[in-house]
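Colleague: What follows is my_file.txt, made up of compact mmCIF, C-alpha atoms and all ligand atoms:
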# COMPACT_ATOMS: atom_id res chain seq x y z
CA MET Q 1 -78.69 -36.64 -17.58
CA LYS Q 2 -76.12 -34.59 -15.72
CA PHE Q 3 -72.50 -35.70 -15.86
CA LYS Q 4 -69.95 -34.80 -13.23
CA SER Q 5 -66.22 -35.35 -12.99
CA ILE Q 6 -65.27 -38.56 -11.19
CA LYS Q 7 -64.78 -38.32 -7.41
CA GLY Q 8 -61.18 -37.43 -6.63
CA THR Q 9 -60.52 -35.90 -10.05
CA LYS Q 10 -60.42 -32.19 -10.76
CA ASP Q 11 -61.00 -29.95 -13.73
CA ILE Q 12 -58.29 -27.34 -14.06
CA LEU Q 13 -60.34 -24.41 -15.34
CA PRO Q 14 -59.16 -21.56 -17.61
CA ASP Q 15 -58.78 -19.26 -14.58
CA GLU Q 16 -56.37 -21.72 -12.96
CA THR Q 17 -54.29 -22.89 -15.91
CA ARG Q 18 -52.11 -19.77 -15.94
CA LEU Q 19 -50.80 -20.65 -12.48
CA TRP Q 20 -50.23 -24.26 -13.54
CA GLN Q 21 -48.29 -23.11 -16.59
CA LEU Q 22 -46.17 -20.77 -14.50
CA VAL Q 23 -45.46 -23.46 -11.94
CA GLU Q 24 -44.59 -26.00 -14.64
CA GLN Q 25 -42.26 -23.51 -16.30
CA ASN Q 26 -40.44 -22.85 -13.01
CA ILE Q 27 -40.11 -26.58 -12.38
CA ARG Q 28 -38.65 -27.12 -15.86
CA GLU Q 29 -36.17 -24.28 -15.37
CA THR Q 30 -34.92 -25.72 -12.09
CA MET Q 31 -34.71 -29.26 -13.47
CA GLU Q 32 -32.70 -27.99 -16.43
CA LEU Q 33 -30.46 -25.94 -14.16
CA PHE Q 34 -29.44 -29.26 -12.59
CA ASN Q 35 -29.08 -30.80 -16.09
CA TYR Q 36 -32.07 -33.15 -15.98
CA LYS Q 37 -33.83 -33.79 -19.31
CA GLU Q 38 -37.53 -34.37 -19.71
CA ILE Q 39 -39.00 -37.84 -20.25
CA ARG Q 40 -42.65 -38.59 -21.06
CA THR Q 41 -44.08 -42.07 -20.79
CA PRO Q 42 -47.54 -43.48 -21.65
CA VAL Q 43 -50.34 -43.08 -19.18
CA PHE Q 44 -50.85 -46.85 -18.86
CA GLU Q 45 -48.53 -49.81 -18.59
CA GLU Q 46 -48.70 -53.55 -17.96
CA THR Q 47 -50.09 -54.13 -14.47
CA SER Q 48 -47.20 -56.46 -13.61
CA LEU Q 49 -44.68 -53.61 -14.08
CA PHE Q 50 -46.13 -51.83 -11.04
CA ALA Q 51 -46.80 -54.98 -9.03
CA ARG Q 52 -43.17 -56.02 -9.52
CA SER Q 53 -41.60 -52.65 -8.72
CA ILE Q 54 -43.80 -51.01 -6.09
CA GLY Q 55 -44.46 -54.35 -4.35
CA GLU Q 56 -47.44 -56.71 -4.25
CA LEU Q 57 -48.07 -56.06 -0.57
CA THR Q 58 -48.08 -52.27 -0.68
CA ASP Q 59 -51.29 -50.24 -0.39
CA ILE Q 60 -50.78 -48.88 -3.89
CA VAL Q 61 -50.66 -52.27 -5.58
CA GLY Q 62 -52.98 -54.00 -3.13
CA LYS Q 63 -55.91 -51.60 -3.25
CA GLU Q 64 -55.28 -48.35 -5.09
CA MET Q 65 -54.46 -49.14 -8.70
CA TYR Q 66 -56.80 -48.42 -11.57
CA SER Q 67 -56.38 -51.70 -13.41
CA PHE Q 68 -58.45 -53.05 -16.25
CA THR Q 69 -58.39 -55.79 -18.82
CA ASP Q 70 -58.34 -54.57 -22.39
CA ARG Q 71 -60.06 -56.28 -25.33
CA SER Q 72 -57.09 -58.54 -25.95
CA GLY Q 73 -57.21 -59.78 -22.37
CA ASP Q 74 -54.10 -57.94 -21.14
CA SER Q 75 -54.15 -56.47 -17.65
CA LEU Q 76 -53.21 -52.79 -17.84
CA THR Q 77 -52.93 -50.10 -15.15
CA LEU Q 78 -53.08 -46.31 -15.17
CA LYS Q 79 -49.69 -45.34 -13.75
CA PRO Q 80 -49.85 -44.76 -9.98
CA GLU Q 81 -46.34 -43.19 -10.04
CA MET Q 82 -43.57 -42.56 -12.56
CA THR Q 83 -40.48 -44.38 -11.35
CA ALA Q 84 -41.51 -47.81 -12.64
CA SER Q 85 -42.40 -46.38 -16.08
CA VAL Q 86 -39.17 -44.41 -16.30
CA ILE Q 87 -37.10 -47.48 -15.47
CA ARG Q 88 -39.07 -49.56 -17.97
CA ALA Q 89 -38.29 -46.94 -20.64
CA TYR Q 90 -34.65 -46.73 -19.51
CA ILE Q 91 -34.21 -50.48 -20.02
CA GLN Q 92 -36.29 -50.70 -23.21
CA HIS Q 93 -34.40 -47.89 -24.98
CA ASN Q 94 -30.99 -48.71 -23.59
CA LEU Q 95 -30.62 -45.19 -22.25
CA GLY Q 96 -27.70 -46.24 -20.07
CA GLU Q 97 -25.60 -46.95 -23.15
CA LYS Q 98 -25.66 -43.33 -24.22
CA LEU Q 99 -24.84 -41.82 -20.85
CA PRO Q 100 -23.37 -43.60 -17.83
CA LEU Q 101 -25.51 -41.40 -15.57
CA THR Q 102 -28.95 -40.78 -17.04
CA LYS Q 103 -30.70 -37.78 -15.46
CA VAL Q 104 -34.37 -37.39 -16.35
CA TYR Q 105 -37.33 -35.42 -15.04
CA TYR Q 106 -41.08 -35.55 -15.57
CA ILE Q 107 -44.33 -33.73 -14.96
CA SER Q 108 -47.13 -36.24 -15.31
CA PRO Q 109 -50.59 -37.26 -14.17
CA ALA Q 110 -50.74 -40.26 -11.81
CA PHE Q 111 -53.71 -42.31 -10.61
CA ARG Q 112 -54.47 -43.91 -7.26
CA GLN Q 113 -57.85 -44.97 -5.95
CA GLU Q 114 -57.40 -43.40 -2.53
CA ARG Q 115 -60.04 -41.86 -0.28
CA PRO Q 116 -60.17 -38.28 -1.57
CA GLN Q 117 -59.47 -35.47 0.88
CA ALA Q 118 -57.59 -32.15 0.87
CA GLY Q 119 -54.30 -32.81 -0.91
CA ARG Q 120 -55.27 -36.36 -1.86
CA LEU Q 121 -56.78 -37.00 -5.26
CA ARG Q 122 -57.42 -39.99 -7.47
CA GLN Q 123 -55.94 -38.31 -10.51
CA PHE Q 124 -53.11 -36.06 -9.35
CA HIS Q 125 -49.94 -34.76 -10.92
CA GLN Q 126 -46.38 -35.53 -10.01
CA PHE Q 127 -43.19 -33.80 -10.92
CA GLY Q 128 -40.00 -35.61 -10.18
CA ALA Q 129 -36.55 -36.65 -11.26
CA GLU Q 130 -34.53 -39.85 -11.48
CA ALA Q 131 -30.73 -40.17 -11.67
CA ILE Q 132 -29.98 -43.66 -13.01
CA GLY Q 133 -26.49 -45.17 -13.09
CA GLY Q 134 -24.68 -43.79 -10.05
CA SER Q 135 -24.25 -45.20 -6.56
CA ASN Q 136 -22.45 -42.31 -4.87
CA PRO Q 137 -24.23 -40.62 -1.96
CA GLU Q 138 -23.52 -37.20 -3.50
CA ILE Q 139 -26.12 -38.01 -6.14
CA ASP Q 140 -28.70 -38.68 -3.40
CA ALA Q 141 -27.76 -35.27 -2.00
CA GLU Q 142 -28.19 -33.66 -5.42
CA ILE Q 143 -31.68 -35.19 -5.75
CA ILE Q 144 -32.64 -33.86 -2.31
CA ALA Q 145 -31.13 -30.45 -3.14
CA LEU Q 146 -32.99 -30.36 -6.47
CA SER Q 147 -36.34 -31.10 -4.86
CA ALA Q 148 -35.72 -28.44 -2.19
CA ALA Q 149 -34.56 -25.92 -4.84
CA ILE Q 150 -37.94 -26.09 -6.55
CA TYR Q 151 -39.76 -24.98 -3.39
CA LYS Q 152 -37.15 -22.29 -2.73
CA LYS Q 153 -37.58 -20.97 -6.26
CA PHE Q 154 -41.21 -20.31 -5.35
CA GLY Q 155 -40.14 -18.53 -2.18
CA ILE Q 156 -41.24 -21.43 0.05
CA GLN Q 157 -38.73 -21.82 2.87
CA GLU Q 158 -40.96 -23.41 5.49
CA PHE Q 159 -40.52 -27.11 4.85
CA GLN Q 160 -38.74 -29.95 6.60
CA VAL Q 161 -36.36 -32.37 4.89
CA LYS Q 162 -36.40 -35.70 6.74
CA ILE Q 163 -33.86 -38.34 5.79
CA ASN Q 164 -33.39 -41.96 6.76
CA SER Q 165 -31.67 -45.07 5.53
CA VAL Q 166 -33.73 -48.20 4.95
CA GLY Q 167 -30.58 -50.28 4.38
CA CYS Q 168 -30.11 -53.08 1.89
CA PRO Q 169 -31.41 -56.68 1.86
CA VAL Q 170 -28.38 -57.81 3.88
CA CYS Q 171 -28.88 -55.57 6.90
CA ARG Q 172 -32.63 -55.07 6.47
CA ASN Q 173 -33.62 -58.75 6.74
CA GLU Q 174 -31.65 -59.12 9.92
CA TYR Q 175 -33.15 -55.91 11.30
CA LYS Q 176 -36.71 -56.91 10.36
CA GLU Q 177 -36.43 -59.99 12.55
CA LYS Q 178 -35.27 -57.85 15.44
CA LEU Q 179 -38.11 -55.38 14.88
CA LYS Q 180 -40.71 -58.15 14.60
CA GLU Q 181 -39.54 -59.66 17.85
CA HIS Q 182 -39.89 -56.29 19.54
CA LEU Q 183 -43.31 -55.53 18.05
CA THR Q 184 -44.72 -58.98 18.77
CA LYS Q 185 -44.64 -58.07 22.46
CA VAL Q 186 -47.21 -55.32 21.88
CA SER Q 187 -48.92 -56.79 18.82
CA ASP Q 188 -52.39 -57.16 20.39
CA LYS Q 189 -52.45 -53.45 21.24
CA LEU Q 190 -51.47 -52.25 17.75
CA SER Q 191 -54.06 -50.93 15.29
CA ILE Q 192 -55.68 -53.53 13.01
CA GLU Q 193 -53.72 -52.15 10.05
CA SER Q 194 -50.41 -52.46 11.90
CA GLN Q 195 -51.26 -55.94 13.13
CA LYS Q 196 -51.66 -56.98 9.49
CA ARG Q 197 -48.34 -55.38 8.65
CA LEU Q 198 -46.49 -57.26 11.35
CA GLU Q 199 -46.20 -60.22 8.99
CA THR Q 200 -46.09 -58.46 5.63
CA ASN Q 201 -44.07 -55.28 6.19
CA PRO Q 202 -43.28 -54.58 9.88
CA MET Q 203 -41.22 -51.48 9.04
CA ARG Q 204 -44.34 -49.65 7.88
CA ILE Q 205 -45.68 -49.88 11.44
CA LEU Q 206 -43.06 -47.28 12.35
CA ASP Q 207 -44.64 -44.64 10.14
CA SER Q 208 -48.22 -45.53 11.09
CA LYS Q 209 -50.45 -42.46 11.40
CA ASP Q 210 -52.20 -44.04 14.41
CA GLU Q 211 -51.11 -42.15 17.54
CA ASN Q 212 -51.35 -45.20 19.76
CA ASP Q 213 -49.07 -47.14 17.38
CA THR Q 214 -46.52 -44.33 17.65
CA ILE Q 215 -46.62 -44.50 21.46
CA LEU Q 216 -46.37 -48.29 21.45
CA THR Q 217 -43.36 -48.25 19.12
CA HIS Q 218 -41.47 -45.38 20.78
CA ASP Q 219 -38.59 -47.62 21.82
CA ALA Q 220 -38.61 -49.90 18.78
CA PRO Q 221 -35.21 -50.52 17.18
CA LEU Q 222 -34.61 -48.36 14.10
CA MET Q 223 -33.06 -49.40 10.81
CA MET Q 224 -30.58 -46.52 10.89
CA HIS Q 225 -29.00 -47.97 14.04
CA ASN Q 226 -28.73 -51.41 12.47
CA LEU Q 227 -27.10 -50.68 9.11
CA CYS Q 228 -24.30 -52.77 7.61
CA ASP Q 229 -20.97 -50.97 7.11
CA GLU Q 230 -21.65 -50.09 3.49
CA CYS Q 231 -25.10 -48.62 4.16
CA LYS Q 232 -23.85 -46.82 7.25
CA ASN Q 233 -21.00 -45.26 5.29
CA HIS Q 234 -23.41 -44.22 2.53
CA PHE Q 235 -25.73 -42.57 5.06
CA GLU Q 236 -22.87 -40.67 6.68
CA LYS Q 237 -21.51 -39.50 3.33
CA LEU Q 238 -25.00 -38.37 2.30
CA GLN Q 239 -25.19 -36.17 5.39
CA GLU Q 240 -21.74 -34.78 4.68
CA ALA Q 241 -22.79 -33.89 1.13
CA LEU Q 242 -26.02 -32.27 2.34
CA ASN Q 243 -23.98 -30.15 4.75
CA ILE Q 244 -21.68 -29.07 1.92
CA LEU Q 245 -24.71 -28.14 -0.21
CA GLY Q 246 -26.20 -26.17 2.69
CA ILE Q 247 -29.39 -28.25 2.87
CA GLN Q 248 -31.01 -28.26 6.29
CA TYR Q 249 -32.37 -31.67 7.25
CA VAL Q 250 -33.30 -33.84 10.16
CA VAL Q 251 -32.55 -37.53 10.51
CA ASP Q 252 -35.84 -39.32 11.09
CA GLY Q 253 -35.54 -43.06 11.65
CA ARG Q 254 -39.27 -43.52 11.09
CA ILE Q 255 -39.32 -42.52 7.43
CA VAL Q 256 -40.08 -45.82 5.72
CA ARG Q 257 -42.04 -44.91 2.55
CA GLY Q 258 -44.98 -46.81 1.09
CA LEU Q 259 -43.16 -48.32 -1.87
CA ASP Q 260 -40.99 -51.42 -1.59
CA TYR Q 261 -38.16 -50.60 -3.97
CA TYR Q 262 -36.05 -48.39 -1.70
CA THR Q 263 -32.54 -49.24 -0.57
CA LYS Q 264 -30.31 -47.02 1.59
CA THR Q 265 -31.60 -43.41 1.34
CA ALA Q 266 -35.30 -42.71 1.92
CA TYR Q 267 -36.49 -39.15 2.40
CA GLU Q 268 -39.50 -36.90 2.58
CA ILE Q 269 -40.10 -33.19 2.48
CA THR Q 270 -43.09 -32.15 4.57
CA SER Q 271 -44.88 -28.87 5.13
CA ASP Q 272 -46.88 -27.74 8.16
CA GLU Q 273 -48.96 -25.62 5.81
CA LEU Q 274 -50.67 -28.76 4.53
CA GLY Q 275 -53.18 -30.73 6.57
CA SER Q 276 -52.83 -34.40 7.38
CA GLN Q 277 -51.50 -35.08 3.88
CA ASN Q 278 -48.36 -33.12 4.69
CA ALA Q 279 -45.84 -34.79 2.33
CA LEU Q 280 -44.71 -32.50 -0.45
CA VAL Q 281 -41.98 -34.84 -1.69
CA GLY Q 282 -41.09 -38.51 -1.36
CA GLY Q 283 -37.99 -40.15 -2.73
CA GLY Q 284 -34.89 -42.20 -2.23
CA ARG Q 285 -32.46 -44.69 -3.66
CA TYR Q 286 -33.53 -47.88 -5.39
CA ASP Q 287 -30.40 -49.79 -6.40
CA LEU Q 288 -32.11 -53.11 -7.14
CA LEU Q 289 -35.04 -52.00 -9.28
CA VAL Q 290 -33.41 -51.87 -12.73
CA LYS Q 291 -32.26 -55.48 -12.36
CA GLU Q 292 -35.61 -56.52 -10.89
CA LEU Q 293 -37.31 -55.19 -14.03
CA GLY Q 294 -34.98 -57.09 -16.35
CA GLY Q 295 -32.10 -54.64 -16.91
CA LYS Q 296 -28.45 -54.77 -15.90
CA SER Q 297 -27.78 -54.13 -12.24
CA THR Q 298 -27.84 -50.31 -12.09
CA PRO Q 299 -28.06 -48.10 -9.02
CA ALA Q 300 -30.52 -45.20 -9.08
CA VAL Q 301 -32.09 -42.51 -6.94
CA GLY Q 302 -34.97 -40.10 -7.43
CA PHE Q 303 -37.93 -38.18 -6.03
CA ALA Q 304 -41.50 -37.29 -6.89
CA ALA Q 305 -43.68 -34.47 -5.59
CA GLY Q 306 -47.37 -33.69 -5.76
CA MET Q 307 -48.19 -30.68 -7.96
CA GLU Q 308 -51.51 -30.09 -6.22
CA ARG Q 309 -49.79 -29.96 -2.84
CA LEU Q 310 -47.26 -27.41 -4.10
CA LEU Q 311 -50.17 -25.37 -5.49
CA MET Q 312 -52.01 -25.60 -2.15
CA VAL Q 313 -49.03 -23.93 -0.48
CA LEU Q 314 -48.64 -21.39 -3.28
CA GLU Q 315 -52.29 -20.40 -3.32
CA LYS Q 316 -51.92 -19.12 0.23
CA ARG Q 317 -49.32 -16.63 -0.98
CA GLU Q 318 -50.38 -13.25 -2.28
CA ASN Q 319 -47.40 -12.88 -4.60
CA MET Q 320 -48.49 -15.90 -6.57
CA LYS Q 321 -51.50 -14.17 -8.05
CA THR Q 322 -50.84 -14.51 -11.77
CA ASP Q 323 -51.69 -12.15 -14.58
CA THR Q 324 -54.61 -13.43 -16.54
CA GLN Q 325 -54.03 -13.97 -20.21
CA HIS Q 326 -55.40 -11.04 -22.24
CA PRO Q 327 -55.34 -9.79 -25.85
CA LYS Q 328 -53.02 -6.99 -26.89
CA LEU Q 329 -55.59 -5.53 -29.25
CA PHE Q 330 -59.38 -5.54 -29.45
CA ILE Q 331 -60.80 -4.51 -32.83
CA ALA Q 332 -64.35 -3.24 -32.65
CA SER Q 333 -66.64 -2.83 -35.60
CA ALA Q 334 -68.53 0.49 -35.88
CA ASP Q 335 -71.16 -0.94 -38.20
CA GLU Q 336 -72.23 -4.11 -39.93
CA LEU Q 337 -70.44 -3.23 -43.19
CA SER Q 338 -67.03 -2.83 -41.55
CA TYR Q 339 -67.15 -6.32 -40.05
CA LYS Q 340 -65.31 -7.84 -43.03
CA LYS Q 341 -62.42 -5.41 -42.57
CA VAL Q 342 -62.37 -6.24 -38.85
CA LEU Q 343 -62.06 -9.94 -39.70
CA SER Q 344 -59.23 -9.41 -42.18
CA GLU Q 345 -57.39 -7.01 -39.84
CA ALA Q 346 -57.61 -9.53 -36.99
CA ALA Q 347 -56.09 -12.18 -39.27
CA ARG Q 348 -53.31 -9.75 -40.25
CA MET Q 349 -52.57 -9.01 -36.57
CA ARG Q 350 -52.33 -12.69 -35.69
CA ASP Q 351 -50.06 -13.33 -38.68
CA ALA Q 352 -47.82 -10.62 -37.26
CA GLY Q 353 -47.83 -12.34 -33.85
CA ILE Q 354 -50.10 -9.82 -32.11
CA ALA Q 355 -52.69 -11.39 -29.79
CA CYS Q 356 -55.97 -9.97 -30.99
CA GLU Q 357 -59.69 -10.36 -30.32
CA ILE Q 358 -62.86 -9.11 -32.00
CA ASP Q 359 -66.54 -9.34 -31.13
CA TRP Q 360 -67.72 -12.64 -32.55
CA LEU Q 361 -71.27 -12.07 -31.31
CA ARG Q 362 -71.84 -8.93 -33.45
CA ARG Q 363 -73.04 -6.77 -30.62
CA SER Q 364 -73.52 -2.99 -30.48
CA LEU Q 365 -70.44 -0.76 -30.36
CA LYS Q 366 -71.15 0.00 -26.71
CA ALA Q 367 -71.30 -3.70 -25.89
CA GLN Q 368 -68.08 -4.28 -27.82
CA MET Q 369 -66.28 -1.63 -25.76
CA ARG Q 370 -67.53 -3.29 -22.58
CA GLU Q 371 -66.21 -6.61 -23.90
CA ALA Q 372 -62.79 -5.09 -24.67
CA ASP Q 373 -62.70 -3.91 -21.08
CA ARG Q 374 -63.74 -7.30 -19.72
CA GLN Q 375 -61.08 -8.99 -21.85
CA GLN Q 376 -58.51 -6.53 -20.43
CA ALA Q 377 -57.22 -5.72 -23.91
CA ASP Q 378 -54.23 -3.37 -23.84
CA PHE Q 379 -55.37 -1.42 -26.90
CA VAL Q 380 -58.61 -0.89 -28.81
CA VAL Q 381 -59.37 0.35 -32.31
CA VAL Q 382 -62.77 0.93 -33.84
CA ILE Q 383 -63.11 0.32 -37.57
CA GLY Q 384 -65.95 1.99 -39.48
CA GLU Q 385 -66.66 3.56 -42.84
CA GLU Q 386 -64.40 6.56 -42.13
CA GLU Q 387 -61.42 4.42 -41.09
CA ILE Q 388 -61.73 2.28 -44.20
CA LYS Q 389 -61.92 5.37 -46.43
CA THR Q 390 -58.94 7.16 -44.88
CA ASN Q 391 -56.98 3.98 -44.22
CA THR Q 392 -56.26 5.15 -40.67
CA VAL Q 393 -57.40 4.18 -37.19
CA VAL Q 394 -57.30 5.73 -33.76
CA LEU Q 395 -55.50 3.37 -31.42
CA LYS Q 396 -56.52 3.83 -27.83
CA GLU Q 397 -54.41 2.58 -24.94
CA MET Q 398 -56.91 1.37 -22.37
CA LYS Q 399 -54.89 2.03 -19.24
CA SER Q 400 -53.74 5.58 -19.99
CA GLY Q 401 -56.49 6.63 -22.37
CA ASN Q 402 -53.77 7.89 -24.78
CA GLN Q 403 -54.76 7.94 -28.42
CA ASN Q 404 -52.66 7.61 -31.57
CA LYS Q 405 -53.70 8.09 -35.15
CA LEU Q 406 -52.04 5.42 -37.31
CA SER Q 407 -52.35 3.88 -40.75
CA PHE Q 408 -53.18 0.17 -40.86
CA VAL Q 409 -49.55 -0.57 -41.75
CA GLU Q 410 -48.24 1.57 -38.91
CA LEU Q 411 -50.61 -0.17 -36.52
CA VAL Q 412 -48.77 -3.49 -36.86
CA ASN Q 413 -45.36 -1.86 -36.44
CA PHE Q 414 -46.52 0.13 -33.43
CA LEU Q 415 -47.96 -2.91 -31.64
CA THR Q 416 -45.02 -5.12 -32.56
CA ALA Q 417 -42.70 -2.60 -30.92
CA LYS Q 418 -44.91 -2.77 -27.77
CA LYS Q 419 -44.60 -6.55 -27.44
P1 LIG C 501 -44.90 -41.20 -3.29
O1 LIG C 501 -44.47 -40.82 -1.91
O2 LIG C 501 -45.86 -42.29 -3.42
O3 LIG C 501 -43.56 -41.55 -4.08
O4 LIG C 501 -45.47 -39.92 -4.02
C1 LIG C 501 -44.71 -38.74 -4.12
C2 LIG C 501 -45.58 -37.52 -3.84
O5 LIG C 501 -46.72 -37.52 -4.69
C3 LIG C 501 -46.16 -37.43 -2.44
O6 LIG C 501 -45.22 -36.90 -1.53
C4 LIG C 501 -47.32 -36.48 -2.66
O7 LIG C 501 -46.88 -35.13 -2.67
C5 LIG C 501 -47.80 -36.85 -4.05
N1 LIG C 501 -48.98 -37.76 -3.97
C6 LIG C 501 -48.98 -39.09 -3.78
N2 LIG C 501 -50.24 -39.57 -3.78
C7 LIG C 501 -51.05 -38.52 -3.98
C8 LIG C 501 -52.48 -38.35 -4.09
N3 LIG C 501 -53.31 -39.37 -4.03
N4 LIG C 501 -52.97 -37.10 -4.30
C9 LIG C 501 -52.13 -36.04 -4.39
N5 LIG C 501 -50.79 -36.14 -4.31
C10 LIG C 501 -50.25 -37.35 -4.10
C11 LIG C 501 -43.52 -41.92 -5.38
O8 LIG C 501 -44.44 -41.85 -6.15
C12 LIG C 501 -42.13 -42.37 -5.84
N6 LIG C 501 -42.23 -42.75 -7.26
C13 LIG C 501 -41.12 -41.30 -5.61
C14 LIG C 501 -39.75 -41.64 -6.13
C15 LIG C 501 -39.22 -41.26 -7.30
N7 LIG C 501 -38.88 -42.40 -5.50
C16 LIG C 501 -37.80 -42.51 -6.27
N8 LIG C 501 -38.00 -41.84 -7.37
Let me see whether you can do it: turn the structure in this file into structure tokens.
Ligand code: HAM

Modeller:
Amino acid sequence: MKFKSIKGTKDILPDETRLWQLVEQNIRETMELFNYKEIRTPVFEETSLFARSIGELTDIVGKEMYSFTDRSGDSLTLKPEMTASVIRAYIQHNLGEKLPLTKVYYISPAFRQERPQAGRLRQFHQFGAEAIGGSNPEIDAEIIALSAAIYKKFGIQEFQVKINSVGCPVCRNEYKEKLKEHLTKVSDKLSIESQKRLETNPMRILDSKDENDTILTHDAPLMMHNLCDECKNHFEKLQEALNILGIQYVVDGRIVRGLDYYTKTAYEITSDELGSQNALVGGGRYDLLVKELGGKSTPAVGFAAGMERLLMVLEKRENMKTDTQHPKLFIASADELSYKKVLSEAARMRDAGIACEIDWLRRSLKAQMREADRQQADFVVVIGEEEIKTNTVVLKEMKSGNQNKLSFVELVNFLTAKK
């Protein structure tokens, strides 16, 4: 029987992991530069956590979650995003008591049963950040600036920051009625998907991917023109803060987002270098979620971004070719009898912190030299009867061909100095 990875999942092979590690390291550095600390949460949670936070009527909860019943009869779900889990952990561990503004980041797998295509997977990886405990629009601006800073750190400048305000329950409910009234006039011409949304979530019709829907809704009223004073003020102050921080953005009244928890700020960062799945980042403010999940009323804002989509952009860039991992030293064995010394020398090198490889397949000396080359070892020594007798080796630098005669003790010191 032949097994294959599940559709929409991907093996990250040894040739690719170096790039992933480099990207993760850069993300961590930027997050820490902005004083966000890492949080890690379990890969599965109670299903109701996601249903409650993301929204029962969203695509994610309605048709994309990997949910299962465990042996004790509990309904569990592989996390489709991180915000709900982070807020659950924030409440459970009383994180707000330690710091009035809790700033956390994550790099984590996430799972959604979507139709796989370029940039859309069923197991993907998100990096993101959440600032919990502050209502000021400057924090929204910081979150947007942080997400943009990560792309800039990789030399990616060609992206668009699109911001909107989705208001609060006060102004949004009033607006929804207005929007519904407007859309009802064209409802029979809308796509089937949008017709369904007219009752459940009419605002999502505005960010429908269907071209005809976009034409039909071109003059629909927008939330950003119907905000209450508080939300309007917040949106204006956010733009002021973005200007101060030098973040270029466009106001796009059609950014609605596919998760229900947003209030006030909603934003996306998109890239033309991606195909139809062009969203690099999605985020916004969610002031009601902590209370909704059983905590004290606490405002919060955050973002998440797809790792694979960042990598898709990076892979097009020449300067992102990473060094492959290679040993500093390859120790070859001149004959069968010297193999024991090779083994003990390799152990001594590793104890001294020198990355070292030998030929585990006991091949001929010629084959061992070919292997050292293939492994791209920086240095090679050959150990045989003579070397054991004289307690010296000839260390050859592969790139230059330079040779150095050294005792076994000197060998460690020499290579340590080359680290
Ligand atoms: P989201 O827009 O659902 O937001 O996802 C954020 C990002 O994750 C997307 O912009 C995209 O880059 C990536 N992504 C989503 N689904 C897939 C997929 N199937 N395959 C590959 N990449 C994908 C959230 O998840 C919110 N939790 C963001 C947030 C954090 N809002 C506030 N705090």

Colleague: Dump as CSV the rows for residues of segment 43-107 of chain Q within 10 Å of segment 123-142 of chain Q: closest atom pair and distance in Å with one decimal, all atoms listed in the file counted, ordered by chain and rising residue number.

Modeller:
residue,atom,partner,partner_atom,distance
Q:Leu78,CA,Q:Gln123,CA,9.7
Q:Lys79,CA,Q:Gln123,CA,9.9
Q:Pro80,CA,Q:Gln123,CA,8.9
Q:Glu81,CA,Q:Gln126,CA,7.7
Q:Met82,CA,Q:Gln126,CA,8.0
Q:Thr83,CA,Q:Glu130,CA,7.5
Q:Val86,CA,Q:Glu130,CA,8.1
Q:Ile87,CA,Q:Ile132,CA,8.4
Q:Tyr90,CA,Q:Ile132,CA,8.6
Q:Leu95,CA,Q:Ile132,CA,9.4
Q:Gly96,CA,Q:Gly133,CA,7.2
Q:Leu99,CA,Q:Gly133,CA,8.6
Q:Pro100,CA,Q:Gly133,CA,5.9
Q:Leu101,CA,Q:Gly133,CA,4.6
Q:Thr102,CA,Q:Ile132,CA,5.1
Q:Lys103,CA,Q:Ala131,CA,4.5
Q:Val104,CA,Q:Glu130,CA,5.5
Q:Tyr105,CA,Q:Ala129,CA,4.1
Q:Tyr106,CA,Q:Phe127,CA,5.4
Q:Ile107,CA,Q:Phe127,CA,4.2

Colleague: Could you pull out the residues sitting within 6 Å of ligand LIG 501 (chain C), using all atoms listed in the file, and write them as a PyMOL selection string?

Modeller: chain Q and resi 81-83+112+114+119-122+124+126+130+279-284+301-306+309

Colleague: Please measure the separation of atom CA of Val409 of chain Q and atom CA of Gly384 of chain Q, giving the value in Å to one decimal.

Modeller: 16.8 Å

Colleague: Counting only C-alpha atoms, which residues in segment 142-225 of chain Q sit no more than 10 Å from segment 53-66 of chain Q? For each one, give the nearest pair of atoms and the distance in Å, sorted by chain then residue number, as CSV.

Modeller:
residue,atom,partner,partner_atom,distance
Q:Arg197,CA,Q:Leu57,CA,9.2
Q:Thr200,CA,Q:Leu57,CA,6.9
Q:Asn201,CA,Q:Leu57,CA,7.9
Q:Arg204,CA,Q:Thr58,CA,9.7

Colleague: Quick one: everything within 8 Å of Ala145 of chain Q, counting only C-alpha atoms, minus sequence neighbours fewer than 2 positions away in the same chain. Send it as a ChimeraX atom specification.

Modeller: /Q:141-143,147-149,242,245,247

Colleague: With a distance cut-off of 7 Å and all atoms listed in the file, select the neighbouring residues of segment 374-382 of chain Q, excluding the residue or stretch itself and same-chain residues fewer than 2 positions from it, and output the selection as a list in words.

Modeller: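 Result of the neighbour search: His326, Pro327, Lys328, Leu329, Phe330, Ile331, Ala332, Ser333, Ala334, Arg370, Glu371, Ala372, Gly384, Val393, Val394, Leu395, Lys396, Glu397 and Met398 of chain Q.
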
Colleague: Please identify all polymer residues within 9 Å of segment 212-226 of chain Q, counting only C-alpha atoms, omitting same-chain residues fewer than 2 positions from it, and present them as number ranges by chain.

Modeller: Q: 164-167, 171-172, 174-176, 178-179, 182-183, 186, 189-191, 194, 203, 205-210, 228, 231-232, 235, 252-254

Colleague: Of the candidates Q:Gln160, Q:Thr265, Q:Gln368, Q:Thr69, which shows the shortest atom-to-atom distance to Glu236 of chain Q, using only C-alpha atoms?

Modeller: Q:Thr265

Colleague: When distances are computed from only C-alpha atoms, which of Q:Lys153, Q:Lys340, Q:Lys405, Q:Lys316 shows the smallest separation from Thr390 of chain Q?

Modeller: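 Checking each candidate against Thr390 of chain Q, we get Q:Lys405 as the closest.
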